[in-house]
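Below is data.cif, which holds mmCIF, C-alpha atoms.
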```cif
data_final
loop_
_atom_site.group_PDB
_atom_site.id
_atom_site.type_symbol
_atom_site.label_atom_id
_atom_site.label_comp_id
_atom_site.auth_asym_id
_atom_site.auth_seq_id
_atom_site.Cartn_x
_atom_site.Cartn_y
_atom_site.Cartn_z
ATOM 1 C CA MET S 1 222.999 21.918 107.090
ATOM 2 C CA ALA S 2 226.234 22.039 105.076
ATOM 3 C CA GLN S 3 228.759 19.303 105.791
ATOM 4 C CA ASP S 4 232.119 20.569 106.914
ATOM 5 C CA VAL S 5 235.348 19.728 105.111
ATOM 6 C CA ILE S 6 237.822 17.741 107.220
ATOM 7 C CA VAL S 7 240.492 17.375 104.493
ATOM 8 C CA ARG S 8 241.083 20.029 101.838
ATOM 9 C CA ILE S 9 243.780 19.572 99.210
ATOM 10 C CA GLN S 10 244.562 22.485 96.902
ATOM 11 C CA GLY S 11 246.973 22.614 93.968
ATOM 12 C CA LEU S 12 248.850 19.541 95.183
ATOM 13 C CA ASN S 13 251.917 18.474 93.211
ATOM 14 C CA LYS S 14 254.484 15.851 94.153
ATOM 15 C CA THR S 15 257.632 15.327 92.119
ATOM 16 C CA PHE S 16 260.343 12.773 92.818
ATOM 17 C CA ARG S 17 263.830 13.452 91.505
ATOM 18 C CA GLY S 18 266.389 10.685 91.186
ATOM 19 C CA ARG S 19 269.209 9.364 89.040
ATOM 20 C CA ALA S 20 266.725 8.053 86.478
ATOM 21 C CA GLY S 21 265.201 11.520 86.131
ATOM 22 C CA THR S 22 262.094 13.287 87.378
ATOM 23 C CA VAL S 23 258.787 11.546 88.076
ATOM 24 C CA VAL S 24 255.643 13.632 88.524
ATOM 25 C CA ALA S 25 253.524 11.486 90.858
ATOM 26 C CA LEU S 26 250.775 14.063 91.522
ATOM 27 C CA ASN S 27 249.886 17.084 89.429
ATOM 28 C CA GLY S 28 247.313 19.750 90.332
ATOM 29 C CA ILE S 29 245.155 17.779 92.766
ATOM 30 C CA ASP S 30 242.201 19.669 94.280
ATOM 31 C CA LEU S 31 240.040 17.641 96.652
ATOM 32 C CA ASP S 32 237.594 18.089 99.527
ATOM 33 C CA ILE S 33 236.741 15.229 101.903
ATOM 34 C CA TYR S 34 233.815 15.832 104.242
ATOM 35 C CA ARG S 35 233.651 14.873 107.915
ATOM 36 C CA GLY S 36 232.179 11.397 108.397
ATOM 37 C CA GLU S 37 232.477 10.517 104.703
ATOM 38 C CA ILE S 38 233.869 7.284 103.273
ATOM 39 C CA PHE S 39 236.057 8.420 100.395
ATOM 40 C CA GLY S 40 237.829 6.146 97.907
ATOM 41 C CA ILE S 41 240.695 6.888 95.547
ATOM 42 C CA ILE S 42 240.754 4.528 92.565
ATOM 43 C CA GLY S 43 243.386 4.298 89.864
ATOM 44 C CA LEU S 44 245.811 2.058 88.020
ATOM 45 C CA SER S 45 248.967 0.766 89.665
ATOM 46 C CA GLY S 46 251.502 3.597 89.716
ATOM 47 C CA ALA S 47 248.846 6.309 89.370
ATOM 48 C CA GLY S 48 249.928 7.990 92.634
ATOM 49 C CA LYS S 49 247.215 6.725 95.038
ATOM 50 C CA SER S 50 249.630 5.823 97.851
ATOM 51 C CA THR S 51 251.579 9.050 97.347
ATOM 52 C CA LEU S 52 248.346 11.035 97.682
ATOM 53 C CA VAL S 53 247.357 9.189 100.867
ATOM 54 C CA ARG S 54 250.838 9.780 102.319
ATOM 55 C CA CYS S 55 250.555 13.503 101.463
ATOM 56 C CA ILE S 56 247.323 13.720 103.488
ATOM 57 C CA ASN S 57 249.216 12.935 106.712
ATOM 58 C CA PHE S 58 252.466 14.512 105.491
ATOM 59 C CA LEU S 59 254.456 11.273 105.616
ATOM 60 C CA GLU S 60 255.241 12.579 102.128
ATOM 61 C CA LYS S 61 255.659 16.360 101.834
ATOM 62 C CA PRO S 62 254.089 17.857 98.706
ATOM 63 C CA THR S 63 256.342 19.658 96.250
ATOM 64 C CA GLU S 64 253.619 22.323 95.814
ATOM 65 C CA GLY S 65 250.146 23.005 97.144
ATOM 66 C CA THR S 66 248.448 22.783 100.518
ATOM 67 C CA VAL S 67 246.911 20.077 102.674
ATOM 68 C CA THR S 68 244.531 21.313 105.371
ATOM 69 C CA VAL S 69 243.255 18.801 107.934
ATOM 70 C CA ASP S 70 240.541 19.821 110.370
ATOM 71 C CA GLY S 71 241.326 23.500 109.790
ATOM 72 C CA GLU S 72 245.118 23.193 110.132
ATOM 73 C CA GLU S 73 247.383 23.662 107.124
ATOM 74 C CA LEU S 74 249.964 20.916 107.671
ATOM 75 C CA GLY S 75 252.772 22.699 105.782
ATOM 76 C CA ARG S 76 252.699 25.551 108.315
ATOM 77 C CA LEU S 77 253.009 23.364 111.418
ATOM 78 C CA SER S 78 256.162 22.852 113.466
ATOM 79 C CA LYS S 79 257.522 19.309 113.771
ATOM 80 C CA LYS S 80 255.880 18.931 117.199
ATOM 81 C CA GLN S 81 252.531 20.299 115.966
ATOM 82 C CA LEU S 82 252.680 17.970 112.945
ATOM 83 C CA LEU S 83 253.211 14.948 115.210
ATOM 84 C CA GLU S 84 250.167 16.037 117.215
ATOM 85 C CA ALA S 85 248.095 16.494 114.040
ATOM 86 C CA ARG S 86 249.123 13.012 112.855
ATOM 87 C CA ARG S 87 247.669 11.514 116.054
ATOM 88 C CA SER S 88 244.254 12.505 114.729
ATOM 89 C CA MET S 89 244.896 10.354 111.614
ATOM 90 C CA GLY S 90 245.121 6.577 111.878
ATOM 91 C CA MET S 91 246.827 4.668 109.061
ATOM 92 C CA ILE S 92 246.248 1.117 107.816
ATOM 93 C CA PHE S 93 248.770 -0.384 105.407
ATOM 94 C CA GLN S 94 248.575 -3.078 102.743
ATOM 95 C CA GLN S 95 251.079 -5.348 104.526
ATOM 96 C CA PHE S 96 249.714 -4.868 108.084
ATOM 97 C CA ASN S 97 253.097 -3.587 109.449
ATOM 98 C CA LEU S 98 252.616 -5.338 112.793
ATOM 99 C CA LEU S 99 255.558 -5.746 115.154
ATOM 100 C CA GLN S 100 256.323 -9.480 115.037
ATOM 101 C CA GLN S 101 257.798 -9.665 118.563
ATOM 102 C CA ARG S 102 254.641 -8.196 120.126
ATOM 103 C CA THR S 103 251.281 -9.821 120.776
ATOM 104 C CA ALA S 104 248.082 -8.446 119.246
ATOM 105 C CA LEU S 105 247.396 -6.564 122.489
ATOM 106 C CA GLN S 106 250.949 -5.146 122.610
ATOM 107 C CA ASN S 107 250.762 -4.057 118.949
ATOM 108 C CA ILE S 108 247.609 -2.049 119.711
ATOM 109 C CA CYS S 109 249.202 -0.560 122.839
ATOM 110 C CA PHE S 110 252.240 0.633 120.866
ATOM 111 C CA PRO S 111 250.893 3.993 119.555
ATOM 112 C CA LEU S 112 249.425 4.671 123.003
ATOM 113 C CA GLU S 113 252.841 4.089 124.613
ATOM 114 C CA ILE S 114 254.367 6.578 122.152
ATOM 115 C CA ALA S 115 251.615 9.073 123.066
ATOM 116 C CA GLY S 116 252.544 8.687 126.762
ATOM 117 C CA THR S 117 249.435 6.767 127.887
ATOM 118 C CA GLY S 118 249.899 4.745 131.085
ATOM 119 C CA LYS S 119 250.183 0.955 130.747
ATOM 120 C CA ALA S 120 246.860 0.129 132.444
ATOM 121 C CA ASP S 121 244.918 2.686 130.375
ATOM 122 C CA ALA S 122 246.630 1.537 127.166
ATOM 123 C CA GLU S 123 245.750 -2.106 127.848
ATOM 124 C CA LYS S 124 242.148 -1.202 128.686
ATOM 125 C CA ARG S 125 241.815 0.716 125.397
ATOM 126 C CA ALA S 126 243.503 -2.112 123.451
ATOM 127 C CA ARG S 127 241.073 -4.691 124.874
ATOM 128 C CA GLU S 128 238.105 -2.473 123.941
ATOM 129 C CA LEU S 129 239.454 -2.242 120.382
ATOM 130 C CA LEU S 130 240.054 -5.999 120.141
ATOM 131 C CA GLU S 131 236.373 -6.390 121.051
ATOM 132 C CA ILE S 132 235.357 -3.918 118.300
ATOM 133 C CA VAL S 133 237.349 -5.813 115.635
ATOM 134 C CA GLY S 134 236.114 -9.207 116.884
ATOM 135 C CA LEU S 135 239.428 -10.515 118.225
ATOM 136 C CA SER S 136 239.080 -10.316 122.017
ATOM 137 C CA ASP S 137 240.118 -13.992 122.233
ATOM 138 C CA ARG S 138 243.369 -13.316 120.319
ATOM 139 C CA ALA S 139 244.961 -10.709 122.615
ATOM 140 C CA ASP S 140 247.971 -12.910 123.450
ATOM 141 C CA ASN S 141 248.598 -14.217 119.933
ATOM 142 C CA TYR S 142 251.607 -13.054 117.936
ATOM 143 C CA PRO S 143 251.140 -11.953 114.294
ATOM 144 C CA SER S 144 252.592 -15.275 113.051
ATOM 145 C CA GLN S 145 249.728 -17.047 114.868
ATOM 146 C CA LEU S 146 247.060 -14.986 113.092
ATOM 147 C CA SER S 147 245.572 -15.213 109.594
ATOM 148 C CA GLY S 148 245.990 -12.314 107.153
ATOM 149 C CA GLY S 149 242.475 -11.059 107.918
ATOM 150 C CA GLN S 150 243.086 -11.257 111.661
ATOM 151 C CA GLN S 151 246.379 -9.382 111.294
ATOM 152 C CA GLN S 152 244.604 -6.630 109.349
ATOM 153 C CA ARG S 153 241.946 -6.437 112.097
ATOM 154 C CA VAL S 154 244.745 -5.941 114.653
ATOM 155 C CA ALA S 155 246.232 -3.255 112.376
ATOM 156 C CA ILE S 156 242.828 -1.534 112.228
ATOM 157 C CA ALA S 157 242.526 -1.685 116.028
ATOM 158 C CA ARG S 158 246.041 -0.218 116.341
ATOM 159 C CA ALA S 159 245.115 2.599 113.927
ATOM 160 C CA LEU S 160 242.074 3.393 116.103
ATOM 161 C CA ALA S 161 244.035 3.382 119.374
ATOM 162 C CA THR S 162 244.559 7.153 119.613
ATOM 163 C CA ASN S 163 240.907 7.993 118.765
ATOM 164 C CA PRO S 164 241.632 9.422 115.303
ATOM 165 C CA LYS S 165 239.166 11.615 113.418
ATOM 166 C CA ILE S 166 240.424 10.202 110.099
ATOM 167 C CA LEU S 167 241.380 6.646 109.162
ATOM 168 C CA LEU S 168 243.625 6.442 106.089
ATOM 169 C CA CYS S 169 243.759 3.063 104.339
ATOM 170 C CA ASP S 170 246.484 2.386 101.786
ATOM 171 C CA GLU S 171 245.184 -0.610 99.809
ATOM 172 C CA ALA S 172 244.195 -2.199 103.112
ATOM 173 C CA THR S 173 242.613 -5.261 101.500
ATOM 174 C CA SER S 174 244.823 -5.938 98.461
ATOM 175 C CA ALA S 175 246.801 -8.664 100.291
ATOM 176 C CA LEU S 176 243.610 -10.481 101.334
ATOM 177 C CA ASP S 177 241.321 -13.002 99.657
ATOM 178 C CA PRO S 178 237.858 -11.840 98.429
ATOM 179 C CA THR S 179 235.889 -13.172 101.424
ATOM 180 C CA THR S 180 238.276 -11.625 103.950
ATOM 181 C CA THR S 181 238.274 -8.397 101.920
ATOM 182 C CA ARG S 182 234.477 -8.194 102.241
ATOM 183 C CA SER S 183 234.650 -8.715 106.008
ATOM 184 C CA ILE S 184 237.344 -6.021 106.423
ATOM 185 C CA LEU S 185 235.363 -3.553 104.277
ATOM 186 C CA ALA S 186 232.229 -4.318 106.325
ATOM 187 C CA LEU S 187 234.238 -3.679 109.507
ATOM 188 C CA LEU S 188 235.494 -0.324 108.158
ATOM 189 C CA LYS S 189 231.919 0.684 107.250
ATOM 190 C CA GLU S 190 230.752 -0.284 110.743
ATOM 191 C CA ILE S 191 233.574 1.762 112.332
ATOM 192 C CA ASN S 192 232.580 4.734 110.161
ATOM 193 C CA LYS S 193 228.950 4.380 111.181
ATOM 194 C CA THR S 194 229.402 3.747 114.919
ATOM 195 C CA LEU S 195 232.468 5.910 115.651
ATOM 196 C CA GLY S 196 231.890 8.616 113.018
ATOM 197 C CA ILE S 197 235.463 8.377 111.739
ATOM 198 C CA THR S 198 236.097 9.792 108.259
#
```

Starting from the coordinates I provided, produce the structure as structure tokens.
Amino acid sequence: MAQDVIVRIQGLNKTFRGRAGTVVALNGIDLDIYRGEIFGIIGLSGAGKSTLVRCINFLEKPTEGTVTVDGEELGRLSKKQLLEARRSMGMIFQQFNLLQQRTALQNICFPLEIAGTGKADAEKRARELLEIVGLSDRADNYPSQLSGGQQQRVAIARALATNPKILLCDEATSALDPTTTRSILALLKEINKTLGIT
């Protein structure tokens, strides 16, 4: 049985124009990512990896080319439709991007609140996710009370909150030590295997 493509990128270019001139960050990218696959993008610093990841969920709009996610060409969607499409894509960042004034539980509830989920349902989902990432005992801790690895686990749980089909990771382990990096990568592999997330 042929695997189906969940992300298709065709003829993707991204150019930034500024006072210092024009920078071509991406040029002629063609790429298929299959449903359920773990896919890595490797390159030197400044090669355009983060730009490419941000083009997949249209946080960065391509200068040319198309990005199709789960059969929908993102460039053709209205603003409202694009927001809905983005809900199917979780995002994990290098620097965790947790809200410092919110507990681990509240950080995970945040995207659910934005999506209009009721408080009780959001908290139930957040507690399930804390269990998955091995932090059920840290629900009431603030980011400043957590290690880097624990903060990234909260960020992963938050990215999973809306049941995404795709989990995008932008150098999710580069701020972590080697041992913690291995544990986070093992967690991502386990999530891929048990939840089927690309």

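With distances restricted to all atoms listed in the file, S:Ile92 is the closest residue to Ala172 (chain S) from S:Leu129, S:Ala120, S:Ile92, S:Ala115.
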
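Distances from S:Val69, S:Ala157, S:Leu112, S:Ala175 to Val5 (chain S) were compared using all atoms listed in the file, and the smallest one belongs to S:Val69.
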
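Here, the PyMOL selection byres ((chain S and resi 152) around 10) matches S:Ile92, S:Phe93, S:Gln94, S:Gln95, S:Phe96, S:Asn97, S:Leu98, S:Val133, S:Pro143, S:Leu146, S:Ser147, S:Gly148, S:Gly149, S:Gln150, S:Gln151, S:Arg153, S:Val154, S:Ala155, S:Ile156, S:Ala157, S:Arg158, S:Ala172, S:Thr173, S:Ala175, S:Leu176, S:Thr180, S:Thr181, S:Ile184.
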
| query | Using only C-alpha atoms, which residues sit within 7 Å of Pro164 (chain S) once same-chain residues fewer than 2 positions away are excluded, as a VMD selection string? | reply | chain S and resid 87 to 90 160 162 166 to 167

Produce a file of the selected residues containing C-alpha atoms, as a compact mmCIF listing (two decimals), in the coordinates of the input.
```txt
# COMPACT_ATOMS: atom_id res chain seq x y z
CA ARG S 87 247.67 11.51 116.05
CA SER S 88 244.25 12.50 114.73
CA MET S 89 244.90 10.35 111.61
CA GLY S 90 245.12 6.58 111.88
CA LEU S 160 242.07 3.39 116.10
CA THR S 162 244.56 7.15 119.61
CA ILE S 166 240.42 10.20 110.10
CA LEU S 167 241.38 6.65 109.16
```

| said: Suppose a student applies the PyMOL selection byres ((chain S and resi 25) around 9) to this structure; what residues should they get, written as JSON, numbers by chain? | reply: {"S": [13, 14, 15, 16, 23, 24, 26, 27, 46, 47, 48, 49, 51, 52]}

| Coordinates-based distance that separates CA of Leu185 (chain S) from CA of Ala139 (chain S) (Å, one decimal) | 21.9 Å

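Proximity ranking of S:Thr66, S:Asn141, S:Thr117, S:Asn107 relative to Ile9 (chain S) places S:Thr66 first, based on all atoms listed in the file.
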
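Counting only C-alpha atoms, the residue from S:Asn57, S:Thr22, S:Ser174, S:Thr198 that sits nearest to Glu84 (chain S) is S:Asn57.
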
| task | Check the smallest atom-to-atom distance from each of S:Leu130, S:Leu105, S:Leu168, S:Leu135 to Ile41 (chain S) using only C-alpha atoms, then report the winner. | result | S:Leu168

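Comparing S:Leu44, S:Ala161, S:Lys124, S:Arg138 by their smallest distance to Phe110 (chain S), the closest is S:Ala161 (using all atoms listed in the file).
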
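If you look at CA of Arg125 (chain S) and CA of Ser183 (chain S), they are 22.7 Å away from each other.
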
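Taking CA of Gly43 (chain S) and CA of Thr63 (chain S) as endpoints, the distance between them is 21.1 Å.
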
Please determine an axis-aligned box that encloses all atoms of region 50-56 of chain S listed in the file, with 6 Å added on each side, and express its centre and edge lengths in Å to one decimal as JSON.
```
{"center_x": 249.5, "center_y": 9.8, "center_z": 100.4, "size_x": 16.3, "size_y": 19.9, "size_z": 18.1}
```

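Neighbouring residues of Thr103 (chain S) at 6 Å or closer, counting only C-alpha atoms and skipping chain neighbours under 3 positions away, are Gln106, Asp140, Asn141 and Tyr142 of chain S.
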
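Summary of the local environment: counting only C-alpha atoms, residues at most 8 Å from Gly28 (chain S), other than itself and those fewer than 3 positions away along its chain, are S:Gln10, S:Gly11, S:Leu12, S:Asn13.
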
Please, could you write that set of residues out with C-alpha atoms as a tab-separated table (two decimals), in the frame of the given file?
```
chain	number	residue	atom	x	y	z
S	10	GLN	CA	244.56	22.48	96.90
S	11	GLY	CA	246.97	22.61	93.97
S	12	LEU	CA	248.85	19.54	95.18
S	13	ASN	CA	251.92	18.47	93.21
```

If you count all atoms listed in the file, which residues fall within 12 Å of Gly75 (chain S), apart from same-chain ones fewer than 3 positions away, as a JSON list (two decimals) with C-alpha atoms, in the coordinates of the input?
```
[["chain", "number", "residue", "atom", "x", "y", "z"],
["S", 9, "ILE", "CA", 243.78, 19.57, 99.21],
["S", 12, "LEU", "CA", 248.85, 19.54, 95.18],
["S", 55, "CYS", "CA", 250.56, 13.50, 101.46],
["S", 56, "ILE", "CA", 247.32, 13.72, 103.49],
["S", 57, "ASN", "CA", 249.22, 12.94, 106.71],
["S", 58, "PHE", "CA", 252.47, 14.51, 105.49],
["S", 59, "LEU", "CA", 254.46, 11.27, 105.62],
["S", 60, "GLU", "CA", 255.24, 12.58, 102.13],
["S", 61, "LYS", "CA", 255.66, 16.36, 101.83],
["S", 62, "PRO", "CA", 254.09, 17.86, 98.71],
["S", 63, "THR", "CA", 256.34, 19.66, 96.25],
["S", 64, "GLU", "CA", 253.62, 22.32, 95.81],
["S", 65, "GLY", "CA", 250.15, 23.00, 97.14],
["S", 66, "THR", "CA", 248.45, 22.78, 100.52],
["S", 67, "VAL", "CA", 246.91, 20.08, 102.67],
["S", 68, "THR", "CA", 244.53, 21.31, 105.37],
["S", 69, "VAL", "CA", 243.26, 18.80, 107.93],
["S", 72, "GLU", "CA", 245.12, 23.19, 110.13],
["S", 78, "SER", "CA", 256.16, 22.85, 113.47],
["S", 79, "LYS", "CA", 257.52, 19.31, 113.77],
["S", 81, "GLN", "CA", 252.53, 20.30, 115.97],
["S", 82, "LEU", "CA", 252.68, 17.97, 112.94],
["S", 85, "ALA", "CA", 248.10, 16.49, 114.04]]
```

Might you spell out which residues the PyMOL selection byres ((chain S and resi 35-40) around 8) would select in the displayed file, as a compact mmCIF listing (two decimals) with C-alpha atoms, in the coordinates of the input?
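Here's the written file expr.txt:
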```
# COMPACT_ATOMS: atom_id res chain seq x y z
CA GLN S 3 228.76 19.30 105.79
CA ASP S 4 232.12 20.57 106.91
CA VAL S 5 235.35 19.73 105.11
CA ILE S 6 237.82 17.74 107.22
CA ILE S 33 236.74 15.23 101.90
CA TYR S 34 233.82 15.83 104.24
CA ILE S 41 240.70 6.89 95.55
CA ILE S 42 240.75 4.53 92.56
CA LYS S 189 231.92 0.68 107.25
CA ASN S 192 232.58 4.73 110.16
CA GLY S 196 231.89 8.62 113.02
CA ILE S 197 235.46 8.38 111.74
CA THR S 198 236.10 9.79 108.26
```
